[in-house]
Structures are given as structure tokens and as C-alpha cells.
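Q: What follows is a single structure, and I will ask about it in a moment.
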Amino acid sequence: MLRHKMPNSLLASRNRRRRSKSKSKRQKLIENQREPQCQETALTEEEEEEEEEEEDEGNGFKLKTSAKHGVQPLGNLYFVNKGAVNVRNTGLGNLQVLTDELVLEILALLDAAHLGVLSTVTKSLYVFANHEPLWRNLVLEELKGDFLFAGSWKATYVSASHPKFQSSGESVLKIRDFYSDYLFQSWLCANLEMKREWLERDNISRVRGLSVEEFITNFEEPNKPVLLEGCLDDWGAVKKWTKEYLSDVAGDVEFAVGPVEMKLENYFKYSDGVSEERPLYLFDPKFTEKVPVLDSEYEAPVYFREDLFSVLGNERPDYRWIIIGPSGSGSSFHIDPNSTSAWNAVITGSKKWVLFPPDVVPPGVHPSPDGAEVACPVSIMEWFMNFYGDTRSWKKRPVECVCKAGEVVFVPNGWWHLVINLEESIAITQNYVSRRNLLNVLGFLKKPNAKELVSGTNDRENLHDKFKKAIEEAYPGTIQELEKKAEEQRIAEEQKVTFWDAATDSKSGAFKFSF
């Protein structure tokens, strides 16, 4: 269900302007519910100019463009365009009883030729058959990463599959009186810019010039996130890693992009021209092997030099990634793999972070009982639209920040976090294990369902035994020492009141919150 008000009011005013000019046309559509061919539904140049507004603002929302195909939220049918006929239903015939999601799942079974034919049958099927995610799936399934993005996924597919086909640009018909919350929200999530109120909260600890001992005592041991400033000043990557430089040294190299491998130069062409709900994200764990020079242009900040997984050598799980993505790309809520902690360094651009402690599941997120799967909203923007506001009244509010170029976020083990790029961004992230987190990782790797939970390695079932043995050989007595210390802390904690009980002022009852 659509929970935001602004787009409806924007469309309401736009539709009122349109109705005054096209009342006779709409009346004819109501009287004649038989579907004309799609070609008869294209708007005049004057009407298209009216429709296409580059930027709409209201109630703090900012939109990048107008809705593709003229799709409107369902509420407009009942409260704005009363008496109109939803061509979504008339054009589907007996299939109108199906949800939009189910209609699209059925269409996903078709190949490109049949989708093209189906789009000429009715106005409704034209909208459904041109749904961009359908064509995105066709491109990624058939072409893998060997494509040049042509402004839309359908145009990309056509230009790659039929290179002799000459087109001056994709023609998009505007369909009147098509109402669908599902399709409208898909478009909205792709074109909505971050509201100011979503960026205002910045309650993370920000530090500069911290010693390693202070970092361990104040943040790593208590498992609290922190934003570190000034610790990338000596990185060559900060000075060099522009799109132009990376294209020069790695333009022909294929990197992991979603489910496919793409040449970096082709990915940059995609990221420059895309506007979609879930942009493809370059997230490659083998980047230093593919382009060794990149390995020499950065190093782990001094706070994260102890990396105990390194005792496994080449058998260690994936642990470091180069991350590149356009505005709106990012990672929905997740916990980092194998109970590791992590650091994320922004080289260019900026990222919005939202983090919840291990005992607080973010609203709208539904992990399975065994933790093997996590159900999240379709997109990051959808979470902000529908769930972010809920956190304002929570006692355990999330930790939030905007991390800019040259800054590093420390993500403690077990913390839920969401990250969205506010602009085109390049970053490096690494997961690591230190003495402060070693027992957590060993416990995680030993879980009965480790085969489903452990990631980044082909030997999931034996990783615990290999890791423990390697640690005992490299650092004799360390595990026993940590276990003894943990037991002493457990006994001491049992004799104290909990943090959240102590957080309430006994005199005033006021809640005091800080991380």
C-alpha cells in the first residue's frame, strides 16, 4: 500500500489541469470500454510537455522526472479522477483479478519477442509488458554482462540483440487512466530523491586522531559503531581513484556486478545513465587479484591491522571488496558475514548509514528463525518511505550518519546496517576478526546450520575446525585466555542491572540514550 501523500497531491493538481483540456476524450473512453490499439493513446506534443516536469516538490519530496507511461497511484482513481475507468482492469480482461505482482511474474516467463507482441494487444498490457525489471532480467539472463546500457533495459536488449535495428530513441506512450500502487511505487522509488529529514539525524560518534588503544577500549570492545576521520590521508587511492583513472588501469577488466561480470568501462556507462529502483552495484572481492596496482594504493587503517582470518592464507573467506555505484545504489539491511566486524572507507562520494544494534531488528525486516534468510523491502528507498519514520518513536533508535570521502565507518559484529549512496561513490570495505571478536566468530562457524550461514568460502562445514586449529598454532593459549576472560565478564554482568534498565533516570523517569 502507498503510504506517502505528496505524489497523490502532485498528480491530483496535474490531473485537474489535464481534465479541463481533455474532458471529451475521457468521456469517450468511459463510454467505450473496448480497448483501442495502443498507438491511439499517445499524447499530443502539447500534452506531453504538460506531463513532463523535470522536478516536482511537495511535503519535502523531490522527484527526478514524471511517471513513465503515465501510471498513477490507485488512490487517484477514487479521490481525484472520480468516474474514470481503470484501463489496468479493462485491458487485462479476466486476468484483472490477479495482483500486479502475479501478472508480472507470469510475464517474466515470456521471452522478449512475446513480450513485444503482448505489448501491442491493449493499453494495460503495454504498460505491464514494458515494465523495466522484466527487460533487465532478460538482459542479465541472456547477455550476462556483455552489453552497453542504452538508456533503458528494453532499449539495451533491442540494441544488443538486433544491432542492425536503427532507432532514434525509445518511444514511450503515455497511457491515460492507468492506476496501480505497485507499478507507481516502483517508479517512485527509482525517481525519489532522499528527503532532508532522512539525512538530518547524525548521532554516531565522530573522532579524529584516536589511538589504537582508545579505539579498542571505547568502541571495539563495547561493540559500538564509530566514524573515523583523517585516517585515509596517506592513501594513494584517495588522490587517484577517479572514474577516469580506474578506467585507464582497469577499463577492460571484468568485475562482479550483481549476478554478472561486467567490464568496468561498460559499468560506468551504465551507472552514468541509469535511473531505477535497484541499481546494479559493483561489489568485487577479487579486485586486487584482477588489478594488483590497486592493492598498493590503500592499506587497512591502523585500527584494523589485527586480522586473524589471515592465518588461513588463501583459504580464508572473502573479506575485502571494492564498491562502486551510482546515486541510489547500496545495500539493504543485513548483518556482515561470519559474525565479523567491518570497516568501510569512502574514497569518492558519500553514503547514508543506518545501523541497529544486534538485539534490535529494523522495522520492515524479517529474518528467519535460524538467521539464514532475511526478508527486506524491495528497495532501500521503499524502506525510507514506509519504515524510517517508525524509528523516531523507538527507545532504541538507530545510529545514523552520512559518511563522506576520506571517512571510515566501523561496523561492529552483529549490527544491522543499511547503506545508500547519495551520489556516485567509490569505496573499499573489509571484514576482519580481532581478539575482541574471535570467540563470536568461532561460535558462529560452529553453529549446527553453518553450512547455510557461513559465506565467502567453498568449505563452509570445515571452516571452524581449520580456523581454530590455525589460531592455536599461530597464537597458542589465546583462545583459552579469551574464554576465561569472557566467563569472568559474564559473571560480573549477571550481578549488574541491564544497560536499558539503568538508562532510565530513577528520579525523573526520563530516558537517556547514547552510544
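Identifiers in this document derive from the order of the C-alpha cells: chains are assigned A, B, ..., residues are numbered from 1 separately in each chain, and ligands are numbered from 1 in order of occurrence.
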Identify all residues of segment 278-466 of chain A in strand (DSSP E) (DSSP on the backbone) and supply them as a ChimeraX atom specification.
A: /A:282-284,320-325,330-334,341-348,350-356,366-367,374-375,399-404,407-411,416-421,425-432
Q: Residues at most 8 Å from Tyr179 of chain A, counting only C-alpha atoms, excluding those fewer than 6 positions away in the same chain, as a list in words?
A: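 Near neighbours after the sequence-gap exclusion: Val71, Gln72, Pro73, Leu74, Asn76, Leu77, Asn86, Val87 and Arg88 of chain A.
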Q: Please, could you write that set of residues out with N, CA, C and O atoms as a PDB file, in the first residue's frame?
A:
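Below is the file selection_30.pdb, written as the result:
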```pdb
ATOM      1  N   VAL A  71       1.546   6.137 -15.365  1.00  0.00           N
ATOM      2  CA  VAL A  71       0.953   5.337 -14.292  1.00  0.00           C
ATOM      3  C   VAL A  71       0.701   6.216 -13.072  1.00  0.00           C
ATOM      4  O   VAL A  71       1.547   7.022 -12.678  1.00  0.00           O
ATOM      5  N   GLN A  72      -0.484   6.049 -12.461  1.00  0.00           N
ATOM      6  CA  GLN A  72      -0.853   6.829 -11.288  1.00  0.00           C
ATOM      7  C   GLN A  72      -1.169   5.911 -10.111  1.00  0.00           C
ATOM      8  O   GLN A  72      -1.554   4.759 -10.307  1.00  0.00           O
ATOM      9  N   PRO A  73      -1.022   6.421  -8.884  1.00  0.00           N
ATOM     10  CA  PRO A  73      -1.396   5.609  -7.718  1.00  0.00           C
ATOM     11  C   PRO A  73      -2.904   5.360  -7.690  1.00  0.00           C
ATOM     12  O   PRO A  73      -3.689   6.180  -8.177  1.00  0.00           O
ATOM     13  N   LEU A  74      -3.294   4.239  -7.133  1.00  0.00           N
ATOM     14  CA  LEU A  74      -4.695   3.817  -7.168  1.00  0.00           C
ATOM     15  C   LEU A  74      -5.613   4.819  -6.483  1.00  0.00           C
ATOM     16  O   LEU A  74      -6.778   4.978  -6.863  1.00  0.00           O
ATOM     17  N   ASN A  76      -5.756   7.919  -6.757  1.00  0.00           N
ATOM     18  CA  ASN A  76      -6.234   8.940  -7.687  1.00  0.00           C
ATOM     19  C   ASN A  76      -7.530   8.543  -8.374  1.00  0.00           C
ATOM     20  O   ASN A  76      -8.338   9.385  -8.742  1.00  0.00           O
ATOM     21  N   LEU A  77      -7.721   7.251  -8.561  1.00  0.00           N
ATOM     22  CA  LEU A  77      -8.946   6.772  -9.216  1.00  0.00           C
ATOM     23  C   LEU A  77     -10.167   7.068  -8.354  1.00  0.00           C
ATOM     24  O   LEU A  77     -11.241   7.384  -8.869  1.00  0.00           O
ATOM     25  N   ASN A  86     -10.466   2.373 -14.810  1.00  0.00           N
ATOM     26  CA  ASN A  86      -9.081   1.940 -14.702  1.00  0.00           C
ATOM     27  C   ASN A  86      -8.746   1.019 -15.875  1.00  0.00           C
ATOM     28  O   ASN A  86      -9.182  -0.135 -15.917  1.00  0.00           O
ATOM     29  N   VAL A  87      -7.992   1.519 -16.838  1.00  0.00           N
ATOM     30  CA  VAL A  87      -7.675   0.700 -18.005  1.00  0.00           C
ATOM     31  C   VAL A  87      -6.776  -0.473 -17.640  1.00  0.00           C
ATOM     32  O   VAL A  87      -6.618  -1.394 -18.435  1.00  0.00           O
ATOM     33  N   ARG A  88      -6.225  -0.423 -16.462  1.00  0.00           N
ATOM     34  CA  ARG A  88      -5.474  -1.588 -15.978  1.00  0.00           C
ATOM     35  C   ARG A  88      -6.377  -2.818 -15.983  1.00  0.00           C
ATOM     36  O   ARG A  88      -5.981  -3.911 -16.388  1.00  0.00           O
TER      37      ARG A  88
END
```
Q: Segment 350-356 of chain A: which residues within 10 Å, counting only C-alpha atoms, same-chain residues fewer than 2 positions away excluded, as a VMD selection string?
A: chain A and resid 194 198 to 199 201 to 202 204 225 327 to 335 346 to 348 358 to 362 388 396 to 407 409 411 to 412 414 to 427
Q: Do you have, as a Markdown table, the list of residues of segment 317-422 of chain A lying at most 8 Å from segment 277-280 of chain A, each with its nearest atom pair and that distance in Å to one decimal, counting only C-alpha atoms and ordered by chain then number?
A:
```
| residue | atom | partner | partner_atom | distance |
| --- | --- | --- | --- | --- |
| A:Gly325 | CA | A:Leu280 | CA | 7.3 |
| A:Pro326 | CA | A:Pro279 | CA | 7.3 |
| A:Gly328 | CA | A:Pro279 | CA | 7.0 |
| A:Ser329 | CA | A:Pro279 | CA | 5.2 |
| A:Ser379 | CA | A:Arg278 | CA | 6.1 |
| A:Ile380 | CA | A:Arg278 | CA | 8.0 |
| A:Met381 | CA | A:Glu277 | CA | 7.8 |
```
Q: Under the rule of at most 10 Å, produce a per-residue listing of segment 106-195 of chain A near segment 82-85 of chain A: chain, number, name, the closest pair of atoms, and the distance in Å, as CSV, using only C-alpha atoms.
A:
```
residue,atom,partner,partner_atom,distance
A:Arg176,CA,A:Val85,CA,9.7
A:Asp177,CA,A:Val85,CA,6.7
A:Phe178,CA,A:Val85,CA,8.4
A:Tyr179,CA,A:Val85,CA,9.3
```
Q: So that I can see what lies close to segment 232-248 of chain A, please list as a PyMOL selection string the residues with an atom at most 7 Å from it, counting only C-alpha atoms and leaving out residues fewer than 3 positions away in the same chain.
A: chain A and resi 251+264-265+297-298+347+406
Q: Figure out the distance between atom CA of Ile471 of chain A and atom CA of Glu315 of chain A, please, to one decimal in Å.
A: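 Atom CA of Ile471 of chain A lies at a distance of 13.6 Å from atom CA of Glu315 of chain A.
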Q: Do a neighbour search on Pro301 of chain A at 9 Å with only C-alpha atoms, toss out local chain neighbours closer than 4 positions, and write the hits as a list in words.
A: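 Final neighbour list, sorted by chain and number: Cys231, Leu232, Arg305, Trp343 and Val408 of chain A.
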Q: Looking at only C-alpha atoms, which of A:Leu95, A:Leu134, A:Leu282, A:Ala190 is the one that sits closest to Tyr270 of chain A?
A: A:Leu282
Q: Could you go through segment 419-454 of chain A and tell me which residues DSSP, when run on the backbone, assigns to helix (DSSP H, G or I), listing them as number ranges by chain?
A: A: 438-445, 450-453
Q: Could you tell me how far atom CA of Ala372 of chain A lies from atom CA of Lys451 of chain A, in Å and to one decimal?
A: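 So the two atoms, atom CA of Ala372 of chain A and atom CA of Lys451 of chain A, lie 9.6 Å apart.
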Q: Just the number, please: distance in Å from atom CA of Trp187 of chain A to atom CA of Ser368 of chain A, one decimal.
A: 29.2 Å
Q: Rank A:Glu299, A:Asp146, A:Glu373, A:Glu200 by their smallest atom-to-atom distance to Tyr267 of chain A, using only C-alpha atoms, and report the top residue only.
A: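 For Tyr267 of chain A, the nearest of the given residues is A:Asp146.
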Q: Could you tell me which of A:Ala150, A:Val249, A:Leu192, A:Ala345 comes closest to Gly273 of chain A if we count only C-alpha atoms?
A: A:Ala150
Q: Using only C-alpha atoms, which of A:Asp272, A:Glu254, A:Glu220, A:Glu488 sits nearest Ala342 of chain A?
A: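 Closest residue, counting only C-alpha atoms: A:Glu220.
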